[in-house]
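Enquirer: Let me give you the structure first, and then I'll get to my questions.
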Amino acid sequence: MNKVLKWFKKRGWNAQKFQKECWKAYSEGKNGILHAPTGSGKTYAIWGGIIEESLKMKKHKTGIQAIWITPLRALAVEIQKAIQIMTNDLNPDLKITLRTGDTSQKERGNQKRKPSFGLVTTPESLHLLLSTKDHQKTLQSLKVIVIDEWHELLGTKRGVQIELAIAYLNYFLPNLRVWGISATIGNKDLASKILLGSSKSFVTVNAEIKKKIEVESILPKNMERFPWRGHLGIHLLSHVLEIVKKNKTTLIFTNTRAQCEIWYHHLLDGNPELAGDIAMHHGSIDKKIRLWVEDALRKENLKVVVCTSSLDLGVDFSPVENCIQIGSPKGVGRFIQRAGRSGHQPKAKSKIYFLPTHAMELIESLALQRGIEKHKIEDRLPYLNSYDVLFQFLMTLAVGSGFNQKDLFPVIQKTFCFQTIKKEQWQWILNFLVKGSQSLEYYDEYKKITILENGMYKVINKGIIMRHRLSIGTIVGDATLKVRYQKGGYLGSVEEWFISKLIPGDIFTFSGRNLELIRIHNMEVIVRKSKSKKTRIPSWMGGRMSFSAHLSNLLKNALYEETNKNSPEFRALTPIFDQQKKESIIPKSNEFLIERFETREGFHTIFYPFEGYAIHEVMASLLAYRISLLKPISFSMSFNDYGFELLSDQSFSKEDFLDNNLLTKNHLNEDIEMSINISEMSRRRFRDIAVISGLVFQGFPDKPTKSKHLQSGSQLFYNVFKDYEPDNLLYQQAIEETFEHGIESGRITKVFENIENQSIVWCYCSQPTPFSFPIITDRIRTNLSSESVEDRIRKMSLQLEKGKT
């Protein structure tokens, strides 16, 4: 019996089949990927093999022998603690160290002088390590690299970073073993091939664990016939307080940081006795506060934590008994991931409550339950030809020991992202870094790399080296300002664009406190506590998550299937469905619903594809453009995850719309280009590309470049390339990413193909329907202050209940 198995038994654990499979495969020197649900024991499944092998060595080599990559700093801390426990018990001479953006310069120096057996780090910190001159010597003893939470990295540019790093490490460490760990993902085979490459043989281990997830919808006692958005589900606060009261520890997941702040305040107002037992966790809160919250969760010192996706990933909070999801999670995989925060032990049941922010989301609750039952997990769409990441990677090697371009080119070609790169493109990239490309060749600052006499590509300018090391990474955020009390003490950071709207004396809520703005000084927001109840909630750019295609299909099936009619959710929705049928229909699977009604605002035309906010935003602009070709007309538009509205002061006829087949997929991309400002969208996307590739500098830690300057700087490059160098690879990348990842052109094509196979049902209604009401109120909410919204919508709802428009 091996020592790891004995260690498991000593702790009263039964090693699971998938863990034994991983240990065996590792002992045979194989590469592999493990697919297992959250909380099933994935970490020890991999580390057990590594530590078992270390016990067979008579004498250990010096240097790092195992690197463990995680996407989150908080998760890195958790992993380091977990594997150090096993290591201390089985091979106490070995140390596991941690290196992230939070690691001090002194600690990094210690790690360099006395390298540990294992290193837990992030993709960015790994690339920082590769930017050192002696990194090949530092890593010469490396035997294995483990990529944790691969499902989270795949489909992002951080995933491309990992691809490049692994290909490069395999180049000078041909016997390196690569292992991936993934939880919720649909396209498992592709995920494995992207991580491990086509040239390596590998094993795939699937944990045959059917994690029991119990989902319970929180149902209102009285269902409004006209559900509306804007209150974020706060009307169900009493139900949440009851759940919190009867459980030891509850995690409440929100989709945005603003929603997180709002719910935290309402919970405290609803039950002041929670003071001291409630905390908040999101990415903008100061690191020290977040670490305190995580530690307090482990020690069972908190009863409830309101959080965002900052607590989505594998951190082990065993005391958590259940979770609450506020509103749509936008995907089955994300919902399962969040549910798995409770019952975070093998074979333990996970419990999650679904709280609808408006009544229609109860159908989504059913869709999520069906998705869990059928294990319908979303695919992750990988990036292709991310030249900005390649630029950064080449600079990383060039500021370190340098690279030989002939040797490196086949290494790059082995990655999934750059499998189609041609020699001409490779030479263009090298020329760009050496000469500045044809449009920048007269500016010395863009001639970053020097070709040495021995043919090595190397950066010799110390200023360029320093700026590059400060810029390593692919996460580009808006400029943030630290929030600090006047008398000292940091609370976290807010985005510049939000704080720039405030003047001294304004009150805003942040980190669970009402704060008065005193002044902005040296990129810091100086504040003091305020007792004022009238406050503003910070909002963050990109707060809306995209609705997945999987969840869209499940949602439509949940609406259409007769078997759902007896569910608690459908029974609760009876008043809404009855009202809907009076004015319109509930569409069947072969029907596409369009509603038309007139109010004092004008003519409302509502379309129901049920495809998610992002898709509907594009479809609304596209149809508005196509209708305008029939007659001069302008529209106001609004959208939610279920449909979209075109509002105009004049009517367009049903006959013209249907006779001209405006819902066709023909000429789709051309019409999208005409209807949406693709140039503006790609210009915005180019900002990130310019930062990642190093064209523009984000600034120094104590003096970041303002977001408006980043935008204007990147726009200048965009315009130059567009006008004088249209074949520039970075410019072309911005356009391609806009179509593939911005407007999801492939998915929109499928949506129109589906519509072509449906019957169009056009309903003339006397007033707004329950299906349309949330869409209309979304538009009102964006145009009015929060106080006005509640009054206006309540008045509208009362009028509709009485049958008046």
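The chains in the structure tokens are called A, B, ... from first to last as shown; in each chain the residues are counted from 1, and the ligands are counted from 1 in the order shown.
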Please report, as a tab-separated table, each residue of segment 731-761 of chain A lying at most 12 Å from segment 150-170 of chain A, together with the nearest pair of atoms and the separation in Å rounded to one decimal; use only C-alpha atoms, and order rows by chain and ascending residue number.
Expert:
residue	atom	partner	partner_atom	distance
A:Glu737	CA	A:Lys157	CA	11.6
A:Glu740	CA	A:Gly155	CA	11.7
A:His741	CA	A:Gly155	CA	9.7
Enquirer: Could the residues in this selection be written to a file with C-alpha atoms, as a PDB file, in the first residue's frame?
Expert:
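Final output, part.pdb:
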ATOM      1  CA  GLU A 737     -12.522  39.476 -31.921  1.00  0.00           C
ATOM      2  CA  GLU A 740     -16.275  36.228 -32.712  1.00  0.00           C
ATOM      3  CA  HIS A 741     -16.254  37.250 -29.043  1.00  0.00           C
TER       4      HIS A 741
END
Enquirer: As a CSV table (one decimal) with all heavy atoms, in the first residue's frame, please: every residue in segment 297-516 of chain A that DSSP puts in strand (DSSP E or B).
Expert:
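Saved the output as part.csv:
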chain,number,residue,atom,x,y,z
A,304,VAL,N,-23.3,34.9,7.4
A,304,VAL,CA,-23.7,35.1,6.0
A,304,VAL,C,-22.6,36.0,5.3
A,304,VAL,O,-22.1,37.0,5.9
A,304,VAL,CB,-25.1,35.8,5.9
A,304,VAL,CG1,-25.1,37.1,6.6
A,304,VAL,CG2,-25.5,36.0,4.4
A,305,VAL,N,-22.3,35.7,4.0
A,305,VAL,CA,-21.4,36.5,3.2
A,305,VAL,C,-22.1,36.7,1.9
A,305,VAL,O,-22.5,35.8,1.2
A,305,VAL,CB,-20.0,35.8,3.0
A,305,VAL,CG1,-19.2,36.6,2.0
A,305,VAL,CG2,-19.3,35.6,4.3
A,306,VAL,N,-22.2,38.0,1.5
A,306,VAL,CA,-22.7,38.4,0.2
A,306,VAL,C,-21.5,38.6,-0.7
A,306,VAL,O,-20.6,39.3,-0.3
A,306,VAL,CB,-23.5,39.7,0.3
A,306,VAL,CG1,-24.3,40.0,-1.0
A,306,VAL,CG2,-24.5,39.7,1.5
A,307,CYS,N,-21.5,37.9,-1.8
A,307,CYS,CA,-20.3,37.9,-2.7
A,307,CYS,C,-20.7,38.0,-4.2
A,307,CYS,O,-21.8,37.9,-4.5
A,307,CYS,CB,-19.5,36.7,-2.4
A,307,CYS,SG,-20.4,35.1,-2.6
A,322,ASN,N,-25.4,26.3,2.8
A,322,ASN,CA,-26.2,26.5,1.6
A,322,ASN,C,-25.8,27.8,0.9
A,322,ASN,O,-25.2,28.6,1.5
A,322,ASN,CB,-27.7,26.4,1.8
A,322,ASN,CG,-28.2,27.5,2.8
A,322,ASN,OD1,-28.4,28.6,2.3
A,322,ASN,ND2,-28.3,27.2,4.0
A,323,CYS,N,-26.2,27.9,-0.3
A,323,CYS,CA,-26.0,29.1,-1.1
A,323,CYS,C,-27.3,29.7,-1.6
A,323,CYS,O,-28.3,29.0,-1.8
A,323,CYS,CB,-25.0,28.8,-2.3
A,323,CYS,SG,-23.5,28.1,-1.8
A,324,ILE,N,-27.3,31.0,-1.9
A,324,ILE,CA,-28.4,31.6,-2.5
A,324,ILE,C,-27.9,32.4,-3.8
A,324,ILE,O,-26.9,33.1,-3.7
A,324,ILE,CB,-29.1,32.6,-1.6
A,324,ILE,CG1,-29.6,31.9,-0.3
A,324,ILE,CG2,-30.3,33.4,-2.3
A,324,ILE,CD1,-30.2,32.9,0.7
A,325,GLN,N,-28.5,32.1,-4.9
A,325,GLN,CA,-28.2,32.8,-6.1
A,325,GLN,C,-29.2,33.9,-6.4
A,325,GLN,O,-30.4,33.6,-6.5
A,325,GLN,CB,-28.2,31.9,-7.3
A,325,GLN,CG,-28.1,32.5,-8.7
A,325,GLN,CD,-26.8,33.2,-8.9
A,325,GLN,OE1,-25.7,32.8,-8.6
A,325,GLN,NE2,-26.9,34.4,-9.5
A,326,ILE,N,-28.8,35.2,-6.4
A,326,ILE,CA,-29.7,36.3,-6.7
A,326,ILE,C,-29.8,36.5,-8.2
A,326,ILE,O,-28.8,36.9,-8.8
A,326,ILE,CB,-29.2,37.6,-6.0
A,326,ILE,CG1,-29.0,37.3,-4.5
A,326,ILE,CG2,-30.2,38.7,-6.2
A,326,ILE,CD1,-30.2,37.1,-3.7
A,350,SER,N,-25.0,19.4,-2.1
A,350,SER,CA,-25.0,20.9,-2.2
A,350,SER,C,-26.4,21.4,-2.2
A,350,SER,O,-27.2,20.9,-3.0
A,350,SER,CB,-24.2,21.3,-3.4
A,350,SER,OG,-22.8,21.0,-3.3
A,351,LYS,N,-26.7,22.5,-1.5
A,351,LYS,CA,-28.0,23.1,-1.5
A,351,LYS,C,-27.9,24.6,-2.0
A,351,LYS,O,-27.0,25.3,-1.5
A,351,LYS,CB,-28.6,23.1,-0.1
A,351,LYS,CG,-29.9,23.8,0.1
A,351,LYS,CD,-31.1,23.0,-0.6
A,351,LYS,CE,-32.4,23.7,-0.5
A,351,LYS,NZ,-33.1,23.4,0.7
A,352,ILE,N,-28.7,24.9,-3.0
A,352,ILE,CA,-28.7,26.3,-3.4
A,352,ILE,C,-30.1,26.8,-3.7
A,352,ILE,O,-30.9,26.0,-4.2
A,352,ILE,CB,-27.8,26.5,-4.7
A,352,ILE,CG1,-27.7,28.0,-5.1
A,352,ILE,CG2,-28.4,25.6,-5.9
A,352,ILE,CD1,-26.6,28.3,-6.1
A,353,TYR,N,-30.4,28.0,-3.2
A,353,TYR,CA,-31.7,28.6,-3.4
A,353,TYR,C,-31.6,29.5,-4.6
A,353,TYR,O,-30.6,30.2,-4.8
A,353,TYR,CB,-32.1,29.4,-2.2
A,353,TYR,CG,-32.5,28.6,-1.0
A,353,TYR,CD1,-31.5,28.2,-0.1
A,353,TYR,CD2,-33.8,28.1,-0.8
A,353,TYR,CE1,-31.8,27.5,1.1
A,353,TYR,CE2,-34.1,27.4,0.4
A,353,TYR,CZ,-33.1,27.0,1.3
A,353,TYR,OH,-33.4,26.3,2.4
A,354,PHE,N,-32.6,29.6,-5.5
A,354,PHE,CA,-32.6,30.5,-6.6
A,354,PHE,C,-33.6,31.6,-6.3
A,354,PHE,O,-34.8,31.3,-6.1
A,354,PHE,CB,-33.0,29.8,-7.9
A,354,PHE,CG,-33.0,30.7,-9.1
A,354,PHE,CD1,-31.8,30.9,-9.8
A,354,PHE,CD2,-34.2,31.3,-9.5
A,354,PHE,CE1,-31.8,31.7,-10.9
A,354,PHE,CE2,-34.2,32.1,-10.6
A,354,PHE,CZ,-33.0,32.4,-11.3
A,355,LEU,N,-33.2,32.8,-6.2
A,355,LEU,CA,-34.1,33.9,-6.0
A,355,LEU,C,-34.3,34.8,-7.2
A,355,LEU,O,-33.3,35.3,-7.8
A,355,LEU,CB,-33.5,34.8,-4.9
A,355,LEU,CG,-34.4,36.0,-4.4
A,355,LEU,CD1,-34.1,36.2,-2.9
A,355,LEU,CD2,-34.1,37.3,-5.2
A,403,PHE,N,15.7,35.1,-27.3
A,403,PHE,CA,15.2,33.9,-28.0
A,403,PHE,C,15.8,33.9,-29.4
A,403,PHE,O,16.2,34.9,-30.0
A,403,PHE,CB,13.7,33.8,-28.0
A,403,PHE,CG,13.0,34.9,-28.8
A,403,PHE,CD1,12.8,34.8,-30.1
A,403,PHE,CD2,12.6,36.1,-28.1
A,403,PHE,CE1,12.2,35.8,-30.9
A,403,PHE,CE2,12.0,37.1,-28.8
A,403,PHE,CZ,11.8,37.0,-30.2
A,404,ASN,N,15.9,32.7,-29.9
A,404,ASN,CA,16.3,32.4,-31.3
A,404,ASN,C,15.0,32.2,-32.1
A,404,ASN,O,14.3,31.2,-31.8
A,404,ASN,CB,17.2,31.2,-31.3
A,404,ASN,CG,17.7,30.9,-32.8
A,404,ASN,OD1,16.8,30.7,-33.7
A,404,ASN,ND2,19.0,30.9,-33.0
A,450,THR,N,16.4,44.2,-30.0
A,450,THR,CA,17.6,44.3,-30.8
A,450,THR,C,18.0,42.8,-31.2
A,450,THR,O,18.0,41.9,-30.4
A,450,THR,CB,18.7,44.9,-30.0
A,450,THR,OG1,18.3,46.2,-29.6
A,450,THR,CG2,20.0,45.0,-30.8
A,451,ILE,N,18.5,42.7,-32.5
A,451,ILE,CA,19.0,41.4,-32.9
A,451,ILE,C,20.5,41.4,-32.7
A,451,ILE,O,21.2,42.2,-33.3
A,451,ILE,CB,18.7,41.1,-34.4
A,451,ILE,CG1,17.2,41.2,-34.7
A,451,ILE,CG2,19.2,39.7,-34.8
A,451,ILE,CD1,16.8,41.1,-36.1
A,456,MET,N,20.4,36.2,-31.6
A,456,MET,CA,19.4,36.2,-30.5
A,456,MET,C,18.6,37.5,-30.5
A,456,MET,O,19.2,38.6,-30.8
A,456,MET,CB,20.1,36.0,-29.1
A,456,MET,CG,20.7,34.7,-28.9
A,456,MET,SD,19.5,33.3,-28.8
A,456,MET,CE,18.9,33.6,-27.2
A,457,TYR,N,17.3,37.4,-30.2
A,457,TYR,CA,16.4,38.6,-30.1
A,457,TYR,C,16.4,39.0,-28.6
A,457,TYR,O,16.0,38.2,-27.8
A,457,TYR,CB,15.0,38.2,-30.6
A,457,TYR,CG,14.9,38.2,-32.1
A,457,TYR,CD1,15.7,37.3,-32.9
A,457,TYR,CD2,14.1,39.1,-32.8
A,457,TYR,CE1,15.6,37.3,-34.3
A,457,TYR,CE2,14.0,39.1,-34.2
A,457,TYR,CZ,14.7,38.2,-34.9
A,457,TYR,OH,14.6,38.2,-36.3
A,458,LYS,N,16.8,40.2,-28.3
A,458,LYS,CA,17.0,40.6,-26.9
A,458,LYS,C,16.6,42.1,-26.8
A,458,LYS,O,16.8,42.9,-27.6
A,458,LYS,CB,18.5,40.4,-26.6
A,458,LYS,CG,18.8,40.6,-25.1
A,458,LYS,CD,18.7,39.3,-24.4
A,458,LYS,CE,19.2,39.5,-22.9
A,458,LYS,NZ,18.5,40.4,-22.1
A,480,THR,N,-8.3,52.4,-11.7
A,480,THR,CA,-9.0,52.3,-10.4
A,480,THR,C,-8.3,53.3,-9.4
A,480,THR,O,-7.1,53.5,-9.5
A,480,THR,CB,-9.0,50.9,-9.8
A,480,THR,OG1,-7.6,50.4,-9.7
A,480,THR,CG2,-9.8,50.0,-10.7
A,481,LEU,N,-9.1,53.8,-8.5
A,481,LEU,CA,-8.6,54.7,-7.5
A,481,LEU,C,-8.8,54.0,-6.1
A,481,LEU,O,-9.9,53.4,-5.9
A,481,LEU,CB,-9.3,56.0,-7.5
A,481,LEU,CG,-9.3,56.8,-8.8
A,481,LEU,CD1,-10.1,58.1,-8.7
A,481,LEU,CD2,-7.9,57.0,-9.4
A,482,LYS,N,-7.8,54.0,-5.3
A,482,LYS,CA,-7.9,53.5,-4.0
A,482,LYS,C,-8.8,54.3,-3.1
A,482,LYS,O,-8.7,55.6,-3.2
A,482,LYS,CB,-6.5,53.3,-3.3
A,482,LYS,CG,-5.7,52.2,-3.9
A,482,LYS,CD,-4.4,52.1,-3.1
A,482,LYS,CE,-3.6,50.9,-3.6
A,482,LYS,NZ,-2.3,50.7,-2.9
A,483,VAL,N,-9.7,53.7,-2.3
A,483,VAL,CA,-10.6,54.4,-1.4
A,483,VAL,C,-9.9,54.3,0.0
A,483,VAL,O,-9.6,53.2,0.5
A,483,VAL,CB,-12.0,53.8,-1.4
A,483,VAL,CG1,-12.9,54.5,-0.4
A,483,VAL,CG2,-12.6,53.7,-2.8
A,484,ARG,N,-9.7,55.5,0.6
A,484,ARG,CA,-9.0,55.6,1.9
A,484,ARG,C,-9.7,56.6,2.8
A,484,ARG,O,-10.1,57.6,2.4
A,484,ARG,CB,-7.5,56.0,1.7
A,484,ARG,CG,-6.7,56.1,2.9
A,484,ARG,CD,-5.2,56.4,2.7
A,484,ARG,NE,-4.9,57.6,2.0
A,484,ARG,CZ,-4.8,58.8,2.7
A,484,ARG,NH1,-5.0,58.8,4.0
A,484,ARG,NH2,-4.5,59.9,2.1
A,485,TYR,N,-9.7,56.2,4.1
A,485,TYR,CA,-10.3,57.1,5.1
A,485,TYR,C,-9.3,58.3,5.3
A,485,TYR,O,-8.1,58.1,5.1
A,485,TYR,CB,-10.4,56.4,6.5
A,485,TYR,CG,-11.6,55.5,6.6
A,485,TYR,CD1,-11.5,54.2,7.0
A,485,TYR,CD2,-12.9,56.0,6.3
A,485,TYR,CE1,-12.6,53.3,7.1
A,485,TYR,CE2,-14.0,55.1,6.4
A,485,TYR,CZ,-13.9,53.8,6.8
A,485,TYR,OH,-15.0,53.0,6.9
A,490,TYR,N,-7.3,51.6,4.3
A,490,TYR,CA,-7.9,51.4,2.9
A,490,TYR,C,-9.1,50.5,2.9
A,490,TYR,O,-9.2,49.5,3.7
A,490,TYR,CB,-6.8,50.8,2.0
A,490,TYR,CG,-5.7,51.8,1.7
A,490,TYR,CD1,-4.5,51.8,2.4
A,490,TYR,CD2,-5.9,52.7,0.6
A,490,TYR,CE1,-3.5,52.7,2.0
A,490,TYR,CE2,-4.9,53.6,0.3
A,490,TYR,CZ,-3.7,53.6,1.0
A,490,TYR,OH,-2.8,54.5,0.7
A,491,LEU,N,-10.0,50.7,2.0
A,491,LEU,CA,-11.2,50.0,1.9
A,491,LEU,C,-11.3,49.2,0.6
A,491,LEU,O,-12.0,48.2,0.5
A,491,LEU,CB,-12.5,50.9,2.0
A,491,LEU,CG,-12.7,51.6,3.3
A,491,LEU,CD1,-13.8,52.7,3.1
A,491,LEU,CD2,-13.1,50.6,4.4
A,492,GLY,N,-10.5,49.6,-0.4
A,492,GLY,CA,-10.5,48.9,-1.7
A,492,GLY,C,-10.4,49.9,-2.8
A,492,GLY,O,-9.7,50.9,-2.6
A,493,SER,N,-10.9,49.6,-3.9
A,493,SER,CA,-10.8,50.5,-5.1
A,493,SER,C,-12.0,50.6,-5.9
A,493,SER,O,-12.8,49.6,-6.0
A,493,SER,CB,-9.6,50.0,-6.0
A,493,SER,OG,-9.9,48.7,-6.4
A,494,VAL,N,-12.3,51.8,-6.5
A,494,VAL,CA,-13.4,52.0,-7.4
A,494,VAL,C,-12.8,52.5,-8.7
A,494,VAL,O,-11.7,53.0,-8.8
A,494,VAL,CB,-14.4,53.0,-6.8
A,494,VAL,CG1,-15.1,52.5,-5.6
A,494,VAL,CG2,-13.7,54.4,-6.5
A,495,GLU,N,-13.6,52.3,-9.7
A,495,GLU,CA,-13.2,52.7,-11.1
A,495,GLU,C,-13.3,54.2,-11.3
A,495,GLU,O,-14.2,54.8,-10.8
A,495,GLU,CB,-14.0,51.9,-12.1
A,495,GLU,CG,-13.6,50.4,-12.2
A,495,GLU,CD,-14.3,49.6,-13.2
A,495,GLU,OE1,-15.1,50.2,-14.0
A,495,GLU,OE2,-14.1,48.4,-13.3
A,507,ILE,N,-22.3,61.4,-1.3
A,507,ILE,CA,-22.3,60.2,-0.5
A,507,ILE,C,-22.4,59.0,-1.4
A,507,ILE,O,-23.2,58.9,-2.4
A,507,ILE,CB,-23.5,60.1,0.5
A,507,ILE,CG1,-23.6,61.5,1.2
A,507,ILE,CG2,-23.3,58.9,1.5
A,507,ILE,CD1,-22.4,61.8,2.1
A,508,PHE,N,-21.5,58.0,-1.2
A,508,PHE,CA,-21.7,56.7,-2.0
A,508,PHE,C,-21.4,55.5,-1.0
A,508,PHE,O,-20.8,55.7,0.0
A,508,PHE,CB,-20.7,56.7,-3.2
A,508,PHE,CG,-19.2,56.6,-2.8
A,508,PHE,CD1,-18.5,55.4,-2.9
A,508,PHE,CD2,-18.5,57.8,-2.5
A,508,PHE,CE1,-17.2,55.4,-2.6
A,508,PHE,CE2,-17.2,57.8,-2.2
A,508,PHE,CZ,-16.5,56.6,-2.2
A,509,THR,N,-22.0,54.4,-1.4
A,509,THR,CA,-21.8,53.2,-0.6
A,509,THR,C,-20.7,52.3,-1.2
A,509,THR,O,-20.7,52.0,-2.4
A,509,THR,CB,-23.1,52.4,-0.6
A,509,THR,OG1,-24.1,53.1,0.1
A,509,THR,CG2,-23.0,51.0,0.1
A,510,PHE,N,-19.8,51.9,-0.3
A,510,PHE,CA,-18.7,51.0,-0.7
A,510,PHE,C,-18.2,50.2,0.5
A,510,PHE,O,-18.1,50.7,1.6
A,510,PHE,CB,-17.6,51.8,-1.3
A,510,PHE,CG,-16.4,51.0,-1.8
A,510,PHE,CD1,-16.6,50.2,-2.9
A,510,PHE,CD2,-15.2,50.9,-1.1
A,510,PHE,CE1,-15.5,49.4,-3.3
A,510,PHE,CE2,-14.2,50.1,-1.5
A,510,PHE,CZ,-14.3,49.4,-2.6
A,513,ARG,N,-20.2,50.4,3.7
A,513,ARG,CA,-20.3,51.6,4.4
A,513,ARG,C,-20.8,52.8,3.6
A,513,ARG,O,-20.5,52.8,2.4
A,513,ARG,CB,-18.9,52.0,5.0
A,513,ARG,CG,-18.3,50.9,5.9
A,513,ARG,CD,-16.8,51.0,6.0
A,513,ARG,NE,-16.1,50.1,6.9
A,513,ARG,CZ,-15.7,48.9,6.5
A,513,ARG,NH1,-15.9,48.4,5.3
A,513,ARG,NH2,-15.2,48.1,7.4
A,514,ASN,N,-21.5,53.7,4.2
A,514,ASN,CA,-21.8,55.0,3.5
A,514,ASN,C,-20.7,56.0,3.7
A,514,ASN,O,-20.3,56.3,4.8
A,514,ASN,CB,-23.2,55.5,4.1
A,514,ASN,CG,-24.4,54.7,3.6
A,514,ASN,OD1,-24.2,53.8,2.8
A,514,ASN,ND2,-25.5,55.0,4.2
A,515,LEU,N,-20.2,56.4,2.6
A,515,LEU,CA,-19.0,57.3,2.7
A,515,LEU,C,-19.2,58.6,2.0
A,515,LEU,O,-19.9,58.7,1.0
A,515,LEU,CB,-17.8,56.6,1.9
A,515,LEU,CG,-17.5,55.1,2.4
A,515,LEU,CD1,-16.5,54.5,1.5
A,515,LEU,CD2,-17.0,55.1,3.8
A,516,GLU,N,-18.6,59.6,2.6
A,516,GLU,CA,-18.7,61.0,2.0
A,516,GLU,C,-17.4,61.3,1.3
A,516,GLU,O,-16.3,61.1,1.9
A,516,GLU,CB,-18.9,62.0,3.1
A,516,GLU,CG,-19.0,63.5,2.5
A,516,GLU,CD,-19.1,64.5,3.6
A,516,GLU,OE1,-19.4,64.2,4.8
A,516,GLU,OE2,-18.8,65.7,3.3
Enquirer: Using only C-alpha atoms, which protein or nucleic acid residues come within 12 Å of Leu470 of chain A? Drop anything in the same chain fewer than 5 positions from it, and give the result as number ranges by chain.
Expert: A: 101, 124-125, 127-128, 131, 392, 396, 463-465, 691-692, 694, 697-702, 704
Enquirer: When you count only C-alpha atoms, which of these residues is closest to Ala734 of chain A: A:Asp388, A:Ile33, A:Ile594, A:Ser621?
Expert: A:Asp388
Enquirer: Report, in Å with one decimal, the straight-line distance from atom CA of His468 of chain A to atom CA of Tyr383 of chain A.
Expert: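 Distance between the two atoms: 22.9 Å.
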Enquirer: Which residues come within 12 Å of Gly41 of chain A, counting only C-alpha atoms, excluding same-chain residues fewer than 3 positions away, as a ChimeraX atom specification?
Expert: /A:8,13-20,22,34-38,44-48,79,82-83,181,183,207,209,314-316,344-348
Enquirer: Could you jot down the atom CA of Glu753 of chain A to atom CA of Leu668 of chain A separation for me, Å, one decimal place?
Expert: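 About the pair atom CA of Glu753 of chain A and atom CA of Leu668 of chain A: they are 10.9 Å apart.
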Enquirer: So, counting only C-alpha atoms, which residue among A:Gln733, A:Leu142, A:Lys133, A:Asp89 is closest to Lys10 of chain A?
Expert: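 So, comparing all the options, the nearest one is A:Asp89.
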Enquirer: Check the smallest atom-to-atom distance from each of A:Gly473, A:Gly233, A:Gly713, A:Pro774 to Leu695 of chain A using only C-alpha atoms, then report the winner.
Expert: A:Gly713
Enquirer: Could you list, as number ranges by chain, every residue within 7 Å of Leu302 of chain A, counting only C-alpha atoms and ignoring same-chain residues fewer than 2 positions away?
Expert: A: 249, 277-278, 296-297, 300, 304
Enquirer: For the residues in that selection, give me C-alpha atoms as a tab-separated table (two decimals), in the first residue's frame.
Expert:
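Okay, this is what ended up in again-v6.tsv:
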chain	number	residue	atom	x	y	z
A	249	THR	CA	-23.42	29.75	7.24
A	277	ASP	CA	-22.02	38.12	11.59
A	278	ILE	CA	-22.32	39.41	8.02
A	296	ALA	CA	-13.63	33.98	9.09
A	297	LEU	CA	-15.67	31.70	6.80
A	300	GLU	CA	-17.29	29.58	11.19
A	304	VAL	CA	-23.66	35.15	5.97
Enquirer: Ranking A:Thr535, A:Gln427, A:Ser201, A:Thr749 by minimum distance to Asn669 of chain A and counting only C-alpha atoms, which one comes first?
Expert: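 Distance minimum relative to Asn669 of chain A lands on A:Thr749.
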Enquirer: When distances are computed from only C-alpha atoms, which of A:His358, A:Leu716, A:Val120, A:Lys42 shows the smallest separation from Thr103 of chain A?
Expert: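 Of the candidates, the smallest distance to Thr103 of chain A is held by A:Val120.
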Enquirer: By how many Å are atom CA of Thr87 of chain A and atom CA of Lys24 of chain A apart?
Expert: 18.6 Å
